[in-house]
>>> print(open('run10.cif').read())   # mmCIF, C-alpha atoms and all ligand atoms
data_final
#
loop_
_atom_site.label_atom_id
_atom_site.label_comp_id
_atom_site.auth_asym_id
_atom_site.auth_seq_id
_atom_site.Cartn_x
_atom_site.Cartn_y
_atom_site.Cartn_z
CA MET A 30 116.31 160.14 54.46
CA ASN A 31 113.55 160.86 51.92
CA GLY A 32 110.84 161.99 54.33
CA ALA A 33 109.55 158.45 54.83
CA LYS A 34 108.15 157.67 58.28
CA LYS A 35 110.62 155.72 60.39
CA ILE A 36 109.96 152.44 62.20
CA VAL A 37 112.41 150.62 64.48
CA LEU A 38 112.25 146.85 64.12
CA GLY A 39 113.82 144.96 67.03
CA VAL A 40 114.59 141.31 66.34
CA THR A 41 115.32 138.89 69.18
CA GLY A 42 116.45 135.28 69.10
CA GLY A 43 113.31 133.19 68.60
CA VAL A 44 112.69 130.75 65.75
CA ALA A 45 110.30 133.24 64.14
CA ALA A 46 113.28 135.58 63.62
CA TYR A 47 113.56 133.93 60.20
CA LYS A 48 110.45 135.93 59.23
CA ALA A 49 112.10 139.27 60.08
CA PRO A 50 113.59 140.00 56.61
CA GLU A 51 110.20 139.40 54.96
CA LEU A 52 108.52 141.64 57.55
CA ALA A 53 111.16 144.34 57.01
CA ARG A 54 110.62 144.06 53.25
CA LEU A 55 106.85 144.55 53.65
CA LEU A 56 107.40 147.60 55.84
CA LYS A 57 109.79 149.07 53.27
CA LYS A 58 107.31 148.29 50.49
CA GLY A 59 104.67 150.14 52.53
CA GLY A 60 106.83 153.27 52.24
CA LEU A 61 108.46 153.14 55.69
CA ASP A 62 112.09 153.72 56.59
CA VAL A 63 113.06 150.66 58.62
CA GLN A 64 115.88 150.66 61.17
CA VAL A 65 116.66 147.18 62.42
CA VAL A 66 118.22 146.47 65.81
CA MET A 67 119.16 142.83 66.50
CA THR A 68 120.20 140.96 69.60
CA ARG A 69 123.16 138.58 69.49
CA ALA A 70 120.81 135.57 69.75
CA ALA A 71 118.79 136.87 66.76
CA GLU A 72 121.96 136.86 64.66
CA ARG A 73 122.13 133.10 65.13
CA PHE A 74 118.78 132.76 63.33
CA VAL A 75 119.08 135.41 60.62
CA ALA A 76 122.02 137.26 59.09
CA PRO A 77 122.18 141.03 59.60
CA LEU A 78 123.22 141.29 55.95
CA ALA A 79 119.79 139.98 54.85
CA LEU A 80 118.09 142.73 56.86
CA ARG A 81 120.50 145.34 55.56
CA CYS A 82 119.74 144.28 51.97
CA VAL A 83 115.96 144.55 52.35
CA THR A 84 115.91 147.79 54.37
CA GLY A 85 118.80 149.59 52.70
CA ASN A 86 119.94 150.68 56.17
CA ALA A 87 122.90 149.51 58.25
CA VAL A 88 121.69 147.04 60.87
CA LEU A 89 122.53 147.80 64.48
CA THR A 90 123.72 144.63 66.18
CA ALA A 91 124.99 143.58 69.57
CA ASP A 92 128.50 144.28 68.30
CA TRP A 93 127.71 147.96 68.09
CA ASP A 94 130.78 149.86 69.13
CA ALA A 95 130.06 152.14 72.04
CA GLN A 96 133.38 153.91 71.39
CA THR A 97 132.31 154.98 67.91
CA ASP A 98 128.80 156.06 68.68
CA PRO A 99 128.13 156.09 72.41
CA TYR A 100 124.62 157.53 72.06
CA ASP A 101 123.22 155.13 69.48
CA HIS A 102 120.72 153.75 71.97
CA LEU A 103 119.30 157.25 72.41
CA PHE A 104 119.21 158.09 68.72
CA VAL A 105 117.74 154.91 67.28
CA THR A 106 114.11 155.70 68.12
CA ARG A 107 114.44 159.46 67.70
CA GLY A 108 111.92 160.54 65.06
CA ALA A 109 110.49 157.03 64.84
CA SER A 110 106.71 156.60 64.62
CA ALA A 111 106.89 153.29 66.50
CA ALA A 112 109.17 150.47 67.56
CA LEU A 113 108.17 146.84 67.10
CA ILE A 114 109.96 143.90 68.69
CA ALA A 115 109.12 140.88 66.52
CA PRO A 116 109.64 138.20 67.53
CA ALA A 117 109.97 139.01 71.24
CA THR A 118 111.38 136.08 73.22
CA ALA A 119 110.52 135.24 76.84
CA ASN A 120 113.99 136.42 77.80
CA PHE A 121 113.50 139.78 76.10
CA LEU A 122 110.05 140.27 77.68
CA ALA A 123 111.58 139.55 81.10
CA LYS A 124 114.37 142.07 80.53
CA MET A 125 111.93 144.69 79.29
CA ALA A 126 109.51 144.14 82.17
CA HIS A 127 112.32 144.65 84.70
CA GLY A 128 114.17 147.47 83.00
CA ALA A 129 117.35 145.53 82.18
CA ALA A 130 119.71 147.38 79.86
CA ASP A 131 122.47 145.00 78.88
CA ASP A 132 122.60 145.35 75.10
CA LEU A 133 121.72 147.80 72.34
CA LEU A 134 118.11 146.63 71.90
CA THR A 135 117.20 146.70 75.61
CA THR A 136 118.79 150.14 76.06
CA THR A 137 117.12 151.40 72.89
CA ILE A 138 113.69 150.34 74.15
CA LEU A 139 114.33 151.78 77.62
CA ALA A 140 115.16 155.10 75.97
CA ALA A 141 112.29 154.97 73.44
CA ARG A 142 109.95 157.93 73.28
CA CYS A 143 107.76 156.45 70.55
CA PRO A 144 104.96 153.88 71.01
CA VAL A 145 106.42 150.41 71.53
CA TYR A 146 104.84 147.19 70.23
CA VAL A 147 105.99 143.70 71.18
CA ALA A 148 104.98 140.50 69.41
CA PRO A 149 105.78 137.60 71.77
CA SER A 150 106.45 134.34 69.99
CA MET A 151 107.40 131.11 71.73
CA ASN A 152 106.33 127.57 72.57
CA PRO A 153 102.85 127.43 74.25
CA ALA A 154 104.25 125.97 77.47
CA MET A 155 106.71 128.86 77.77
CA LEU A 156 104.03 131.42 76.95
CA ASN A 157 101.73 130.02 79.62
CA ASN A 158 104.42 129.97 82.28
CA PRO A 159 103.19 132.32 85.04
CA ALA A 160 106.47 134.25 84.91
CA VAL A 161 106.01 135.04 81.22
CA ARG A 162 102.31 135.88 81.65
CA GLU A 163 103.18 138.19 84.55
CA ASN A 164 105.87 139.95 82.49
CA ILE A 165 103.35 140.47 79.67
CA ARG A 166 100.85 141.93 82.16
CA ILE A 167 103.52 144.29 83.51
CA LEU A 168 104.31 145.51 80.00
CA GLU A 169 100.63 146.00 79.14
CA LYS A 170 100.09 147.97 82.34
CA ARG A 171 102.93 150.27 81.30
CA GLY A 172 101.28 151.04 77.99
CA ILE A 173 103.35 148.72 75.82
CA ASN A 174 101.22 147.37 72.94
CA VAL A 175 101.42 143.60 73.24
CA VAL A 176 100.33 141.93 69.98
CA PRO A 177 98.65 138.66 71.02
CA PRO A 178 100.38 135.57 69.62
CA GLU A 179 98.24 133.38 67.37
CA VAL A 180 97.12 129.81 67.92
CA GLY A 181 98.59 127.34 65.44
CA GLU A 182 101.34 124.89 64.71
CA MET A 183 104.74 125.67 66.20
CA ALA A 184 108.05 125.08 64.42
CA ASP A 185 108.55 122.11 66.77
CA GLY A 186 105.26 120.56 65.62
CA GLU A 187 103.33 121.32 68.82
CA PHE A 188 99.92 122.98 68.40
CA GLY A 189 98.90 125.86 70.63
CA GLU A 190 99.15 129.56 71.36
CA GLY A 191 102.47 131.19 70.64
CA ARG A 192 102.86 131.74 66.89
CA LEU A 193 103.98 135.09 65.58
CA PRO A 194 100.94 136.76 63.94
CA SER A 195 101.17 137.08 60.16
CA ILE A 196 103.83 139.51 58.96
CA GLU A 197 101.10 141.24 56.91
CA TYR A 198 99.20 141.95 60.12
CA LEU A 199 102.32 143.20 61.92
CA ALA A 200 103.16 145.40 58.94
CA SER A 201 99.62 146.81 58.93
CA LEU A 202 99.95 147.72 62.64
CA MET A 203 103.15 149.64 61.90
CA MET A 204 101.60 151.35 58.86
CA LYS A 205 98.74 152.50 61.09
CA ALA A 206 101.14 153.64 63.83
CA ALA A 207 103.02 155.67 61.22
CA GLY A 208 99.78 157.12 59.85
CA VAL A 209 100.33 155.49 56.46
CA ALA A 210 96.98 154.29 55.17
CA GLY A 211 96.31 151.02 53.35
CA ASP A 212 93.92 151.13 50.38
CA LEU A 213 91.01 149.97 52.60
CA ALA A 214 91.70 152.43 55.44
CA GLY A 215 88.47 153.91 56.77
CA ARG A 216 86.38 151.34 54.88
CA ARG A 217 83.95 148.89 56.46
CA VAL A 218 84.08 145.47 54.92
CA LEU A 219 81.63 142.61 55.58
CA VAL A 220 82.90 139.12 54.77
CA THR A 221 80.95 135.87 55.00
CA ALA A 222 82.70 132.52 55.37
CA GLY A 223 82.07 128.83 55.79
CA PRO A 224 78.95 126.74 55.37
CA THR A 225 75.49 127.18 56.82
CA VAL A 226 73.83 124.23 58.55
CA GLU A 227 70.13 123.52 58.20
CA PRO A 228 68.59 121.32 60.92
CA ILE A 229 66.69 118.15 60.06
CA ASP A 230 66.07 117.36 63.74
CA ALA A 231 67.76 117.91 67.11
CA ALA A 232 70.80 115.87 66.07
CA ARG A 233 71.03 115.99 62.27
CA PHE A 234 71.51 118.66 59.65
CA ILE A 235 72.29 119.20 55.97
CA SER A 236 75.14 121.47 55.01
CA ASN A 237 77.65 122.38 52.30
CA ARG A 238 81.31 121.48 52.00
CA SER A 239 83.29 124.52 53.15
CA SER A 240 86.16 125.03 55.60
CA GLY A 241 85.83 128.83 55.69
CA LYS A 242 89.51 129.26 54.74
CA MET A 243 88.87 131.52 51.74
CA GLY A 244 86.58 133.84 53.72
CA ALA A 245 89.03 133.89 56.63
CA ALA A 246 91.86 134.80 54.22
CA LEU A 247 89.76 137.60 52.71
CA ALA A 248 88.88 138.98 56.15
CA GLY A 249 92.56 138.90 57.20
CA ALA A 250 93.71 140.54 53.96
CA ALA A 251 91.07 143.31 54.22
CA ARG A 252 92.13 143.93 57.84
CA ASP A 253 95.77 144.17 56.79
CA ARG A 254 94.84 146.76 54.16
CA GLY A 255 93.30 148.95 56.87
CA ALA A 256 89.61 147.98 56.74
CA ASP A 257 87.29 147.65 59.71
CA VAL A 258 86.20 144.06 59.10
CA THR A 259 83.17 142.08 60.27
CA LEU A 260 83.36 138.37 59.55
CA ILE A 261 80.00 136.57 59.55
CA HIS A 262 80.70 132.87 59.61
CA GLY A 263 78.97 129.52 59.86
CA PRO A 264 80.59 126.59 61.70
CA VAL A 265 84.12 126.60 60.27
CA THR A 266 87.28 124.58 60.76
CA ALA A 267 89.49 127.41 59.47
CA ARG A 268 91.51 129.49 61.90
CA LEU A 269 89.82 132.90 62.00
CA PRO A 270 91.93 136.06 61.91
CA GLU A 271 92.50 138.23 64.98
CA GLY A 272 91.58 141.89 64.82
CA VAL A 273 88.25 141.41 63.03
CA ARG A 274 84.74 141.45 64.51
CA ARG A 275 83.30 137.95 64.40
CA VAL A 276 79.62 137.08 64.15
CA SER A 277 78.81 133.38 64.40
CA VAL A 278 75.67 132.06 62.71
CA ARG A 279 74.31 128.64 61.84
CA THR A 280 71.51 128.76 59.27
CA ALA A 281 71.15 130.65 55.98
CA VAL A 282 68.31 132.68 57.51
CA GLU A 283 70.56 133.71 60.42
CA MET A 284 73.29 134.65 57.94
CA LEU A 285 70.76 136.66 55.90
CA ASP A 286 69.76 138.61 59.04
CA ALA A 287 73.40 139.15 60.04
CA VAL A 288 74.30 140.46 56.57
CA THR A 289 71.23 142.60 55.86
CA SER A 290 71.29 144.27 59.30
CA ARG A 291 74.88 145.42 58.65
CA PHE A 292 74.81 145.96 54.89
CA SER A 293 73.74 149.62 54.85
CA ASP A 294 76.75 150.47 57.06
CA CYS A 295 79.36 148.76 54.90
CA ASP A 296 81.41 149.85 51.90
CA MET A 297 81.99 146.32 50.60
CA LEU A 298 80.39 142.90 51.00
CA ILE A 299 82.34 139.78 50.12
CA MET A 300 80.10 136.68 50.04
CA ALA A 301 82.56 133.81 50.33
CA ALA A 302 80.15 131.66 52.36
CA ALA A 303 78.80 128.43 50.92
CA VAL A 304 75.17 129.09 51.79
CA ALA A 305 72.91 126.04 51.71
CA ASP A 306 70.42 126.58 48.89
CA PHE A 307 67.78 124.38 50.56
CA ARG A 308 66.66 123.57 54.08
CA PRO A 309 64.41 120.86 55.52
CA ALA A 310 60.83 122.11 55.25
CA ARG A 311 59.72 120.73 58.61
CA PRO A 312 62.66 120.37 61.02
CA SER A 313 61.77 118.23 64.00
CA ALA A 314 62.37 119.66 67.48
CA GLY A 315 63.23 116.20 68.89
CA LYS A 316 65.35 113.45 67.37
CA ILE A 317 63.62 111.47 64.62
CA LYS A 318 63.60 107.76 65.60
CA LYS A 319 64.53 104.97 63.20
CA GLY A 320 61.26 103.39 62.04
CA ASP A 321 60.38 100.63 59.64
CA GLN A 322 60.15 103.08 56.76
CA SER A 323 62.88 105.33 55.36
CA PRO A 324 61.79 108.91 56.01
CA THR A 325 61.43 111.33 53.11
CA LEU A 326 63.07 114.70 53.56
CA ALA A 327 61.03 117.57 52.11
CA LEU A 328 63.18 120.60 51.30
CA GLU A 329 62.33 124.23 50.70
CA PRO A 330 64.54 126.95 49.23
CA ASN A 331 66.59 129.25 51.44
CA PRO A 332 66.60 132.98 50.77
CA ASP A 333 69.43 134.13 48.50
CA ILE A 334 71.50 136.65 50.45
CA LEU A 335 73.12 138.29 47.42
CA GLU A 336 69.74 138.66 45.73
CA ALA A 337 68.36 140.30 48.86
CA VAL A 338 71.17 142.87 49.10
CA ALA A 339 71.18 143.50 45.33
CA LYS A 340 67.96 145.49 45.78
CA ILE A 341 69.52 147.87 48.30
CA LYS A 342 73.04 147.86 46.86
CA GLY A 343 73.50 151.58 46.19
CA GLY A 344 77.17 152.46 45.75
CA ARG A 345 78.42 149.51 47.83
CA VAL A 346 80.81 147.05 46.27
CA VAL A 347 79.56 143.46 46.16
CA VAL A 348 81.90 140.54 45.55
CA GLY A 349 80.57 137.00 45.14
CA PHE A 350 81.82 133.53 44.33
CA ALA A 351 80.61 130.86 41.97
CA ALA A 352 81.55 127.21 42.04
CA GLU A 353 81.64 125.86 38.50
CA THR A 354 82.94 122.82 36.69
CA GLU A 355 82.30 123.99 33.10
CA ASN A 356 81.60 127.15 31.07
CA LEU A 357 83.32 129.14 33.83
CA ILE A 358 83.24 132.53 32.14
CA LYS A 359 79.71 132.37 30.73
CA ASN A 360 78.16 130.98 33.93
CA GLY A 361 80.14 133.43 36.06
CA ARG A 362 79.06 136.45 34.00
CA ASP A 363 75.41 135.33 34.10
CA LYS A 364 75.53 134.91 37.87
CA MET A 365 77.25 138.29 38.31
CA ALA A 366 74.51 140.03 36.29
CA ALA A 367 71.66 138.12 37.96
CA LYS A 368 72.82 139.07 41.46
CA ASN A 369 74.03 142.61 40.62
CA MET A 370 77.64 141.96 41.71
CA ASP A 371 80.66 144.09 40.81
CA VAL A 372 83.14 141.23 41.02
CA ILE A 373 82.70 137.46 40.89
CA CYS A 374 85.40 134.91 41.59
CA VAL A 375 84.72 131.78 39.64
CA ASN A 376 86.03 128.78 41.44
CA ASP A 377 87.04 125.84 39.32
CA VAL A 378 85.87 123.01 41.57
CA GLY A 379 86.88 120.44 39.00
CA GLY A 380 90.61 120.78 39.88
CA GLU A 381 92.44 118.41 42.23
CA ASP A 382 93.88 120.33 45.18
CA SER A 383 91.80 123.46 44.65
CA GLY A 384 88.76 124.78 46.44
CA PHE A 385 87.17 122.83 49.27
CA ASP A 386 89.24 122.55 52.47
CA SER A 387 92.45 123.21 50.57
CA ASP A 388 95.00 125.84 51.55
CA TYR A 389 95.14 126.72 47.84
CA ASN A 390 92.66 128.04 45.36
CA GLU A 391 92.37 128.65 41.65
CA VAL A 392 89.90 131.33 40.60
CA THR A 393 89.14 133.46 37.60
CA ILE A 394 88.12 136.99 38.53
CA LEU A 395 85.37 138.56 36.46
CA CYS A 396 84.26 142.13 36.91
CA ARG A 397 82.12 144.68 35.16
CA GLY A 398 83.71 146.01 31.99
CA GLU A 399 86.97 144.04 32.20
CA GLU A 400 88.47 140.98 30.56
CA PRO A 401 88.52 137.80 32.72
CA LEU A 402 91.54 137.63 35.01
CA PRO A 403 92.58 134.00 35.49
CA LEU A 404 94.81 133.56 38.55
CA ARG A 405 97.33 130.78 38.87
CA ARG A 406 96.75 128.30 41.67
CA ALA A 407 98.05 130.03 44.81
CA ASP A 408 97.66 130.02 48.59
CA LYS A 409 94.37 131.53 49.77
CA PRO A 410 95.89 134.68 51.39
CA SER A 411 97.56 135.53 48.05
CA VAL A 412 94.35 134.87 46.13
CA ALA A 413 92.49 137.05 48.67
CA ASN A 414 94.83 139.97 48.00
CA ARG A 415 94.43 139.65 44.23
CA ILE A 416 90.64 139.71 44.65
CA LEU A 417 90.88 142.82 46.83
CA ASP A 418 93.20 144.49 44.27
CA VAL A 419 90.30 144.23 41.80
CA ALA A 420 87.47 145.00 44.25
CA VAL A 421 89.00 148.24 45.64
CA LYS A 422 88.80 149.80 42.16
CA PHE A 423 85.00 149.74 42.45
CA LEU A 424 84.93 151.74 45.71
CA SER A 425 83.62 155.27 45.32
CA ALA A 426 85.77 158.10 46.70
CA PRO A 427 85.54 158.24 50.49
CA VAL A 428 83.24 160.88 51.92
CA ALA A 429 85.46 163.64 53.34
N1 LIG A 501 74.80 132.90 47.84
C1 LIG A 501 73.93 133.67 48.61
N2 LIG A 501 72.78 133.11 49.12
C2 LIG A 501 72.45 131.84 48.84
C3 LIG A 501 73.31 131.07 48.04
C4 LIG A 501 74.47 131.64 47.55
O1 LIG A 501 74.23 134.83 48.83
N3 LIG A 501 71.33 131.35 49.34
C5 LIG A 501 76.02 133.52 47.32
C6 LIG A 501 77.29 132.75 47.65
O2 LIG A 501 77.88 133.19 48.86
C7 LIG A 501 78.18 133.08 46.46
C8 LIG A 501 77.19 133.20 45.33
O3 LIG A 501 75.94 133.52 45.92
O4 LIG A 501 78.86 134.30 46.60
C9 LIG A 501 77.08 131.90 44.61
O5 LIG A 501 75.90 131.89 43.94
P1 LIG A 501 75.15 130.53 43.61
O6 LIG A 501 74.17 130.90 42.56
O7 LIG A 501 74.66 129.83 44.81
O8 LIG A 501 76.35 129.78 43.03
P2 LIG A 501 76.50 128.31 42.96
O9 LIG A 501 76.49 127.71 44.31
O10 LIG A 501 77.71 128.17 42.12
O11 LIG A 501 75.10 128.07 42.22
P3 LIG A 501 74.62 126.89 41.31
O12 LIG A 501 74.57 125.75 42.26
O13 LIG A 501 73.30 127.38 40.88
O14 LIG A 501 75.62 126.80 40.22
#
>>> encode(input="run10.cif", output="structure tokens")
Amino acid sequence: MNGAKKIVLGVTGGVAAYKAPELARLLKKGGLDVQVVMTRAAERFVAPLALRCVTGNAVLTADWDAQTDPYDHLFVTRGASAALIAPATANFLAKMAHGAADDLLTTTILAARCPVYVAPSMNPAMLNNPAVRENIRILEKRGINVVPPEVGEMADGEFGEGRLPSIEYLASLMMKAAGVAGDLAGRRVLVTAGPTVEPIDAARFISNRSSGKMGAALAGAARDRGADVTLIHGPVTARLPEGVRRVSVRTAVEMLDAVTSRFSDCDMLIMAAAVADFRPARPSAGKIKKGDQSPTLALEPNPDILEAVAKIKGGRVVVGFAAETENLIKNGRDKMAAKNMDVICVNDVGGEDSGFDSDYNEVTILCRGEEPLPLRRADKPSVANRILDVAVKFLSAPVA
């Protein structure tokens, strides 16, 4: 074909097979030539025609005709940068671990000379069965790259470990394996997420409303675009992405230390955290007892993290957020100038299902020298990618 790097995508018969066409489309969009091999069980979940349409290549299925092309299993991975089995069922892992070769996909993988990745995806009880765990260990010992399944809600409604990682993440692994760089490859990105908590006494604190979902989405999106990501987060309810370095903090002062000690080594800082502006002036080490009188809580200001890094910004890109209910553009621009940011995402917290704890967000992106970019309400991973599309333009050329 056209010189594009080749990836073999093996699809086996798990529920997550329905994500395979979207994954194949992302790989193709990333400039890769995608050759799909499906098992018979996979065909019951997703039509080969769908995969043919998105890849532009004939799909090799279990009905492959050995008479026509007896060496297909040897040729499929020839010249491929990597092979990825996603989803990989318990049955397929067992066959792979024991060298079974009873269909085109198992024989293809046995004959593979390229790096092989498997993304197991199944119900948590199946995943935790000792037989499955043992098979995964066997594969890892043999140098197969096992992509850990994520924790979350299964198609059957059960919650636990066993979900297929995001297709964006899987695509980014294949892009890396093929040596195709995302637009944040080689960049170090610091992201903050969630609230900070400021102790009143041993049992009580004041905090801000924040689930950490927007910061988690930004960290995941930056990772998928090739960045080396550090996520500094307060106590969050959001599921945090795999494949990023996590630093857990509680107070604004701890977050300030975590950010400033890493800032000089980063290319971009994204402050999505809802930092508490004030903290109790005299936190009590023990628990304050109920007395006859209502206690008065004296507060003092917390340090402003963006203001602190503004002084040592240099060529680093700084992205901040602002929660506003009115005069979005004017207030956003003022805040951006005051804290020396390159990009600010103004969050309309007046909307109904937008912002706090929602899976959706509605922001207007403001940046130096550009017209405001209002985004439609969208899921947080999509919003994260639009923000990064703008932020990457402010990165200086990488040092050779
Ligand atoms: N921020 C920070 N340190 C603080 C408080 C906020 O770095 N102590 C960051 C936030 O992470 C966010 C931006 O600054 O990126 C928001 O600025 P802020 O002025 O706190 O915005 P609002 O909370 O919208 O402020 P105000 O209540 O004054 O409107």
>>> closest_atom_pairs(input="run10.cif", of="chain A", to="ligand LIG 501 (chain A)", cutoff="9 Å", atoms="only C-alpha atoms and all ligand atoms", output="tab-separated table")
residue	atom	partner	partner_atom	distance
A:Thr221	CA	A:LIG501	O2	7.4
A:Ala222	CA	A:LIG501	O2	8.1
A:Ala281	CA	A:LIG501	N3	6.7
A:Val282	CA	A:LIG501	N3	8.8
A:Met284	CA	A:LIG501	N2	9.0
A:Leu285	CA	A:LIG501	N2	7.9
A:Ile299	CA	A:LIG501	O4	7.4
A:Met300	CA	A:LIG501	O2	4.3
A:Ala301	CA	A:LIG501	O2	4.9
A:Ala302	CA	A:LIG501	O2	4.4
A:Ala303	CA	A:LIG501	O2	5.3
A:Val304	CA	A:LIG501	C3	4.6
A:Ala305	CA	A:LIG501	N3	6.0
A:Asp306	CA	A:LIG501	N3	4.9
A:Phe307	CA	A:LIG501	N3	7.9
A:Pro330	CA	A:LIG501	N3	8.1
A:Asn331	CA	A:LIG501	N3	5.6
A:Pro332	CA	A:LIG501	N3	5.2
A:Asp333	CA	A:LIG501	N3	3.5
A:Ile334	CA	A:LIG501	O1	3.7
A:Leu335	CA	A:LIG501	O1	3.9
A:Glu336	CA	A:LIG501	O1	6.7
A:Ala337	CA	A:LIG501	O1	8.0
A:Val338	CA	A:LIG501	O1	8.6
A:Val348	CA	A:LIG501	O4	7.0
A:Gly349	CA	A:LIG501	O4	3.5
A:Phe350	CA	A:LIG501	O4	3.8
A:Ala351	CA	A:LIG501	O10	4.0
A:Ala352	CA	A:LIG501	O10	4.0
A:Glu353	CA	A:LIG501	O10	5.8
A:Asn360	CA	A:LIG501	O14	8.0
A:Gly361	CA	A:LIG501	O10	8.4
A:Lys364	CA	A:LIG501	O6	6.3
A:Met365	CA	A:LIG501	O5	8.6
A:Ala367	CA	A:LIG501	O6	8.9
A:Lys368	CA	A:LIG501	O3	7.8
A:Ile373	CA	A:LIG501	O4	7.6
A:Cys374	CA	A:LIG501	O4	8.3
A:Val375	CA	A:LIG501	O10	8.3
A:Asn376	CA	A:LIG501	O10	8.4
>>> closest_residue(input="run10.cif", among="A:Leu199, A:Leu247, A:Ala231, A:Val145", to="Asp408 in chain A", atoms="only C-alpha atoms")
A:Leu247
>>> atom_distance(input="run10.cif", atom1="CA of Asp296 in chain A", atom2="CA of Ala426 in chain A")
10.7 Å
>>> atom_distance(input="run10.cif", atom1="CA of Asn390 in chain A", atom2="CA of Lys422 in chain A")
22.3 Å
>>> residues_around(input="run10.cif", residues="Pro144 in chain A", least_positions_apart="4", cutoff="12 Å", atoms="all atoms listed in the file", output="list in words")
Ile36, Val37, Thr106, Arg107, Gly108, Ala109, Ser110, Ala111, Ala112, Leu113, Ile114, Ile138, Leu139, Ala140, Arg171, Gly172, Ile173, Asn174, Val175, Leu202, Met203, Lys205, Ala206 and Ala207 of chain A
>>> atom_distance(input="run10.cif", atom1="CA of Met243 in chain A", atom2="CA of Val378 in chain A")
13.6 Å
>>> closest_residue(input="run10.cif", among="A:Leu38, A:Leu424, A:Ala129, A:Ile165", to="Ala214 in chain A", atoms="all atoms listed in the file")
A:Leu424
>>> residues_around(input="run10.cif", residues="Ala250 in chain A", least_positions_apart="6", cutoff="10 Å", atoms="only C-alpha atoms", output="ChimeraX atom specification")
/A:197-198,201,213,244,256,258,270,409-417
>>> closest_residue(input="run10.cif", among="A:Pro194, A:Pro178, A:Gly320, A:Pro403", to="Asn152 in chain A", atoms="only C-alpha atoms")
A:Pro178
>>> closest_residue(input="run10.cif", among="A:Val161, A:Ala119, A:Ala79, A:Val419", to="Glu51 in chain A", atoms="all atoms listed in the file")
A:Ala79
>>> residues_around(input="run10.cif", residues="Asp132 in chain A", least_positions_apart="4", cutoff="8 Å", atoms="only C-alpha atoms", output="VMD selection string")
chain A and resid 68 91 136
>>> closest_residue(input="run10.cif", among="A:Pro324, A:Gly189, A:Gly255, A:Pro309", to="Arg216 in chain A", atoms="all atoms listed in the file")
A:Gly255
>>> residues_around(input="run10.cif", residues="Asp386 in chain A", least_positions_apart="6", cutoff="10 Å", atoms="all atoms listed in the file", output="list in words")
Arg238, Ser239, Ser240, Gly241, Lys242, Met243, Thr266 and Ala267 of chain A
>>> residues_around(input="run10.cif", residues="range 46-48 of chain A", least_positions_apart="3", cutoff="12 Å", atoms="only C-alpha atoms", output="PyMOL selection string")
chain A and resi 38-43+51-55+67-77+79-80+114-118+148-151+184+192-197+199-200
>>> write_last_selection(input="run10.cif", atoms="C-alpha atoms", output="mmCIF file, in the frame of the given file")
data_model
loop_
_atom_site.group_PDB
_atom_site.id
_atom_site.type_symbol
_atom_site.label_atom_id
_atom_site.label_comp_id
_atom_site.auth_asym_id
_atom_site.auth_seq_id
_atom_site.Cartn_x
_atom_site.Cartn_y
_atom_site.Cartn_z
ATOM 1 C CA LEU A 38 112.250 146.850 64.120
ATOM 2 C CA GLY A 39 113.820 144.960 67.030
ATOM 3 C CA VAL A 40 114.590 141.310 66.340
ATOM 4 C CA THR A 41 115.320 138.890 69.180
ATOM 5 C CA GLY A 42 116.450 135.280 69.100
ATOM 6 C CA GLY A 43 113.310 133.190 68.600
ATOM 7 C CA GLU A 51 110.200 139.400 54.960
ATOM 8 C CA LEU A 52 108.520 141.640 57.550
ATOM 9 C CA ALA A 53 111.160 144.340 57.010
ATOM 10 C CA ARG A 54 110.620 144.060 53.250
ATOM 11 C CA LEU A 55 106.850 144.550 53.650
ATOM 12 C CA MET A 67 119.160 142.830 66.500
ATOM 13 C CA THR A 68 120.200 140.960 69.600
ATOM 14 C CA ARG A 69 123.160 138.580 69.490
ATOM 15 C CA ALA A 70 120.810 135.570 69.750
ATOM 16 C CA ALA A 71 118.790 136.870 66.760
ATOM 17 C CA GLU A 72 121.960 136.860 64.660
ATOM 18 C CA ARG A 73 122.130 133.100 65.130
ATOM 19 C CA PHE A 74 118.780 132.760 63.330
ATOM 20 C CA VAL A 75 119.080 135.410 60.620
ATOM 21 C CA ALA A 76 122.020 137.260 59.090
ATOM 22 C CA PRO A 77 122.180 141.030 59.600
ATOM 23 C CA ALA A 79 119.790 139.980 54.850
ATOM 24 C CA LEU A 80 118.090 142.730 56.860
ATOM 25 C CA ILE A 114 109.960 143.900 68.690
ATOM 26 C CA ALA A 115 109.120 140.880 66.520
ATOM 27 C CA PRO A 116 109.640 138.200 67.530
ATOM 28 C CA ALA A 117 109.970 139.010 71.240
ATOM 29 C CA THR A 118 111.380 136.080 73.220
ATOM 30 C CA ALA A 148 104.980 140.500 69.410
ATOM 31 C CA PRO A 149 105.780 137.600 71.770
ATOM 32 C CA SER A 150 106.450 134.340 69.990
ATOM 33 C CA MET A 151 107.400 131.110 71.730
ATOM 34 C CA ALA A 184 108.050 125.080 64.420
ATOM 35 C CA ARG A 192 102.860 131.740 66.890
ATOM 36 C CA LEU A 193 103.980 135.090 65.580
ATOM 37 C CA PRO A 194 100.940 136.760 63.940
ATOM 38 C CA SER A 195 101.170 137.080 60.160
ATOM 39 C CA ILE A 196 103.830 139.510 58.960
ATOM 40 C CA GLU A 197 101.100 141.240 56.910
ATOM 41 C CA LEU A 199 102.320 143.200 61.920
ATOM 42 C CA ALA A 200 103.160 145.400 58.940
#
